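Undergrad: Just dropping this structure here.
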Amino acid sequence: MKKIAVLISGGGTNLQSLIDAVNAGKVNGKIDIVISNRKNAYGLTRAQNEHIDTAYFSVKDFPNAEEYDRRIIAELQKRNIDVVVLAGYLKILTGDFISAFEKRIINIHPSLIPSFCGKDFHGMNVHNAVIKKGVKFTGATTHFVDENIDTGMIILQAVVPVTADDTAETVAEKVLVQEHDILVKTVAAFCDDKIRIQNNRAFIE
Ligand code: GRF
């Protein structure tokens, strides 16, 4: 039974999908702690409703990003966390964090990486850019987190058609449904040791 930590910054619908999947026995893992950099992140409430430990760390309490991450790493290592899930977590991880959990950090991104990703491409910024560009398909991606933004090995993707009458909001809604689906499938595969890495590419067996 793998021990999962989830890092959030917002509403936590991806976290909720993971909680529901664990409760339904679809994930061979246990969410051990939910950590946020935002005190009022509703995702913390979602975790508390399920009696899952939560922690909030304010960036103001730490001199720099390295010290901030070191505090979180210490918490995760104390709990023997096996996998870290970034579910709408808006802070960039430092190299120390990546090294401490090499190939054990999973992120969900609301586009088909390598499109519409990287610095400032989060939340509605992504979907606004998708509409502006006039692409016919967008989607969601799970990937391992490496030292850059949204560049780690892709694990799963889901495609969402974009039609002429779509808006950034309607696209966001359709993509979020797919995010929930592929995040659960990705974490479930990780917990079952079913993610295989070959030539620096990740595949679910
Ligand atoms: C969503 O836009 C999602 O694509 C991204 O973070 C945002 C909030 O997700 N990962 P959530 O509802 O907080 O899980």
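Residue names in the structure tokens use chain letters A, B, ... in the order shown, residue numbers from 1 in each chain, and ligand numbers from 1 in the order shown.
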Would you mind listing the residues within 10 Å of ligand 1, counting only C-alpha atoms and all ligand atoms, as a PyMOL selection string?

TA: chain A and resi 7-18+41-43+86-90+107-111+121-127+139-142+172-173+175-180+183

Undergrad: Can I get the selection written as a compact mmCIF listing (two decimals), in the first residue's frame, with N, CA and C atoms?

TA:
# COMPACT_ATOMS: atom_id res chain seq x y z
N LEU A 7 -0.07 17.77 -3.01
CA LEU A 7 0.20 19.20 -2.81
C LEU A 7 -0.80 19.98 -3.65
N ILE A 8 -1.44 20.97 -3.02
CA ILE A 8 -2.48 21.76 -3.69
C ILE A 8 -2.29 23.26 -3.43
N SER A 9 -2.97 24.04 -4.28
CA SER A 9 -3.00 25.48 -4.02
C SER A 9 -4.41 26.04 -4.10
N GLY A 10 -5.36 25.19 -4.60
CA GLY A 10 -6.69 25.75 -4.86
C GLY A 10 -7.83 24.86 -4.43
N GLY A 11 -8.86 24.80 -5.30
CA GLY A 11 -10.13 24.15 -4.96
C GLY A 11 -10.04 22.66 -4.71
N GLY A 12 -9.06 21.99 -5.35
CA GLY A 12 -8.83 20.59 -5.04
C GLY A 12 -9.77 19.60 -5.68
N THR A 13 -10.31 19.90 -6.86
CA THR A 13 -11.19 18.91 -7.50
C THR A 13 -10.39 17.69 -7.96
N ASN A 14 -9.13 17.90 -8.33
CA ASN A 14 -8.28 16.75 -8.68
C ASN A 14 -8.01 15.91 -7.44
N LEU A 15 -7.75 16.60 -6.32
CA LEU A 15 -7.57 15.89 -5.04
C LEU A 15 -8.82 15.09 -4.72
N GLN A 16 -9.97 15.72 -4.90
CA GLN A 16 -11.25 15.04 -4.59
C GLN A 16 -11.42 13.78 -5.42
N SER A 17 -11.02 13.86 -6.69
CA SER A 17 -11.17 12.67 -7.55
C SER A 17 -10.27 11.55 -7.05
N LEU A 18 -9.10 11.93 -6.52
CA LEU A 18 -8.18 10.94 -5.97
C LEU A 18 -8.73 10.36 -4.66
N ALA A 41 -7.03 27.34 0.85
CA ALA A 41 -7.28 26.41 -0.27
C ALA A 41 -8.40 25.44 0.13
N TYR A 42 -9.48 25.42 -0.68
CA TYR A 42 -10.60 24.56 -0.30
C TYR A 42 -10.21 23.08 -0.29
N GLY A 43 -9.18 22.74 -1.02
CA GLY A 43 -8.69 21.36 -1.00
C GLY A 43 -8.34 20.90 0.40
N LEU A 86 1.16 16.49 -7.46
CA LEU A 86 0.90 17.94 -7.53
C LEU A 86 -0.45 18.10 -8.22
N ALA A 87 -1.45 18.55 -7.46
CA ALA A 87 -2.82 18.65 -7.98
C ALA A 87 -3.27 20.10 -7.90
N GLY A 88 -2.87 20.88 -8.90
CA GLY A 88 -3.19 22.31 -8.86
C GLY A 88 -2.27 23.02 -7.87
N TYR A 89 -1.02 22.59 -7.81
CA TYR A 89 -0.02 23.20 -6.91
C TYR A 89 0.75 24.21 -7.72
N LEU A 90 0.72 25.48 -7.27
CA LEU A 90 1.22 26.54 -8.15
C LEU A 90 2.65 26.98 -7.85
N ASN A 107 2.56 15.24 -11.80
CA ASN A 107 1.82 16.49 -11.97
C ASN A 107 0.71 16.28 -12.98
N ILE A 108 -0.38 17.01 -12.80
CA ILE A 108 -1.48 17.03 -13.78
C ILE A 108 -1.49 18.41 -14.41
N HIS A 109 -1.46 18.42 -15.75
CA HIS A 109 -1.45 19.71 -16.45
C HIS A 109 -2.63 19.76 -17.41
N PRO A 110 -3.32 20.90 -17.51
CA PRO A 110 -4.55 20.98 -18.31
C PRO A 110 -4.34 21.29 -19.79
N SER A 111 -3.35 20.65 -20.43
CA SER A 111 -3.21 20.74 -21.89
C SER A 111 -2.47 19.50 -22.37
N PHE A 121 1.77 29.16 -17.81
CA PHE A 121 0.68 28.38 -18.39
C PHE A 121 0.04 27.51 -17.31
N HIS A 122 -0.87 28.14 -16.53
CA HIS A 122 -1.62 27.36 -15.55
C HIS A 122 -3.06 27.88 -15.54
N GLY A 123 -3.96 26.99 -15.09
CA GLY A 123 -5.38 27.39 -14.98
C GLY A 123 -5.94 27.98 -16.27
N MET A 124 -6.67 29.08 -16.13
CA MET A 124 -7.37 29.66 -17.29
C MET A 124 -6.41 30.22 -18.34
N ASN A 125 -5.19 30.54 -17.93
CA ASN A 125 -4.22 31.04 -18.94
C ASN A 125 -4.07 30.02 -20.06
N VAL A 126 -4.09 28.73 -19.66
CA VAL A 126 -3.93 27.66 -20.65
C VAL A 126 -5.10 27.67 -21.63
N HIS A 127 -6.31 27.69 -21.09
CA HIS A 127 -7.50 27.58 -21.95
C HIS A 127 -7.73 28.84 -22.77
N GLY A 139 -6.48 19.08 -24.24
CA GLY A 139 -6.63 17.90 -23.39
C GLY A 139 -5.90 18.07 -22.07
N ALA A 140 -5.49 16.95 -21.51
CA ALA A 140 -4.81 16.95 -20.20
C ALA A 140 -3.64 15.97 -20.25
N THR A 141 -2.66 16.21 -19.40
CA THR A 141 -1.45 15.39 -19.37
C THR A 141 -1.02 15.14 -17.93
N THR A 142 -0.65 13.91 -17.64
CA THR A 142 0.09 13.66 -16.38
C THR A 142 1.53 13.38 -16.77
N ALA A 172 -12.29 24.56 -20.31
CA ALA A 172 -11.76 24.24 -18.97
C ALA A 172 -12.58 23.14 -18.31
N GLU A 173 -13.90 23.25 -18.47
CA GLU A 173 -14.81 22.26 -17.88
C GLU A 173 -14.57 20.87 -18.46
N VAL A 175 -11.88 19.79 -20.03
CA VAL A 175 -10.52 19.31 -19.70
C VAL A 175 -10.46 18.81 -18.27
N LEU A 176 -11.13 19.51 -17.36
CA LEU A 176 -11.07 19.13 -15.95
C LEU A 176 -11.60 17.71 -15.73
N VAL A 177 -12.65 17.35 -16.49
CA VAL A 177 -13.20 15.99 -16.38
C VAL A 177 -12.11 14.97 -16.75
N GLN A 178 -11.36 15.29 -17.80
CA GLN A 178 -10.29 14.38 -18.25
C GLN A 178 -9.12 14.37 -17.27
N GLU A 179 -8.84 15.52 -16.68
CA GLU A 179 -7.77 15.57 -15.67
C GLU A 179 -8.07 14.58 -14.55
N HIS A 180 -9.28 14.65 -14.04
CA HIS A 180 -9.65 13.76 -12.93
C HIS A 180 -9.45 12.31 -13.33
N LEU A 183 -5.60 11.48 -13.88
CA LEU A 183 -4.81 11.56 -12.65
C LEU A 183 -5.02 10.30 -11.82

Undergrad: I'd like to know which residues of range 10-46 of chain A are alpha helix (DSSP H) (by DSSP, run on the backbone); could you write them as a PyMOL selection string?

TA: chain A and resi 13-23+42-46

Undergrad: Choose the residue, out of A:Asn200, A:Thr186, A:Thr94, A:Gln157, that has the smallest atom-to-atom separation from Asn64 in chain A; count only C-alpha atoms.

TA: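 Among the listed residues, A:Thr94 lies closest to Asn64 in chain A.
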
Undergrad: Looking at only C-alpha atoms, which of A:Lys174, A:Gly29, A:Asn23, A:Asp166 is the one that sits closest to Ala188 in chain A?

TA: A:Gly29

Undergrad: From range 6-147 of chain A, collect each residue whose DSSP state is strand (DSSP E or B) and return the set as a PyMOL selection string.

TA: chain A and resi 6-8+29-36+53-56+83-86+105-109+137-144

Undergrad: Quick one: pull the distance between CA of Arg70 in chain A and CA of Gly152 in chain A, Å, one decimal.

TA: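 Result for CA of Arg70 in chain A versus CA of Gly152 in chain A: 21.3 Å, one decimal.
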
Undergrad: In terms of the shortest atom-to-atom distance over only C-alpha atoms, which of A:Ala5, A:Asp32, A:Ile113, A:Lys136 is closest to Phe101 in chain A?

TA: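 That would be A:Ala5, the residue with the smallest distance to Phe101 in chain A.
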
Undergrad: Record the distance separating CA of Ile73 in chain A and CA of Lys103 in chain A, expressed in Å with one decimal.

TA: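 Taking CA of Ile73 in chain A as the start and CA of Lys103 in chain A as the end point, the length is 14.8 Å.
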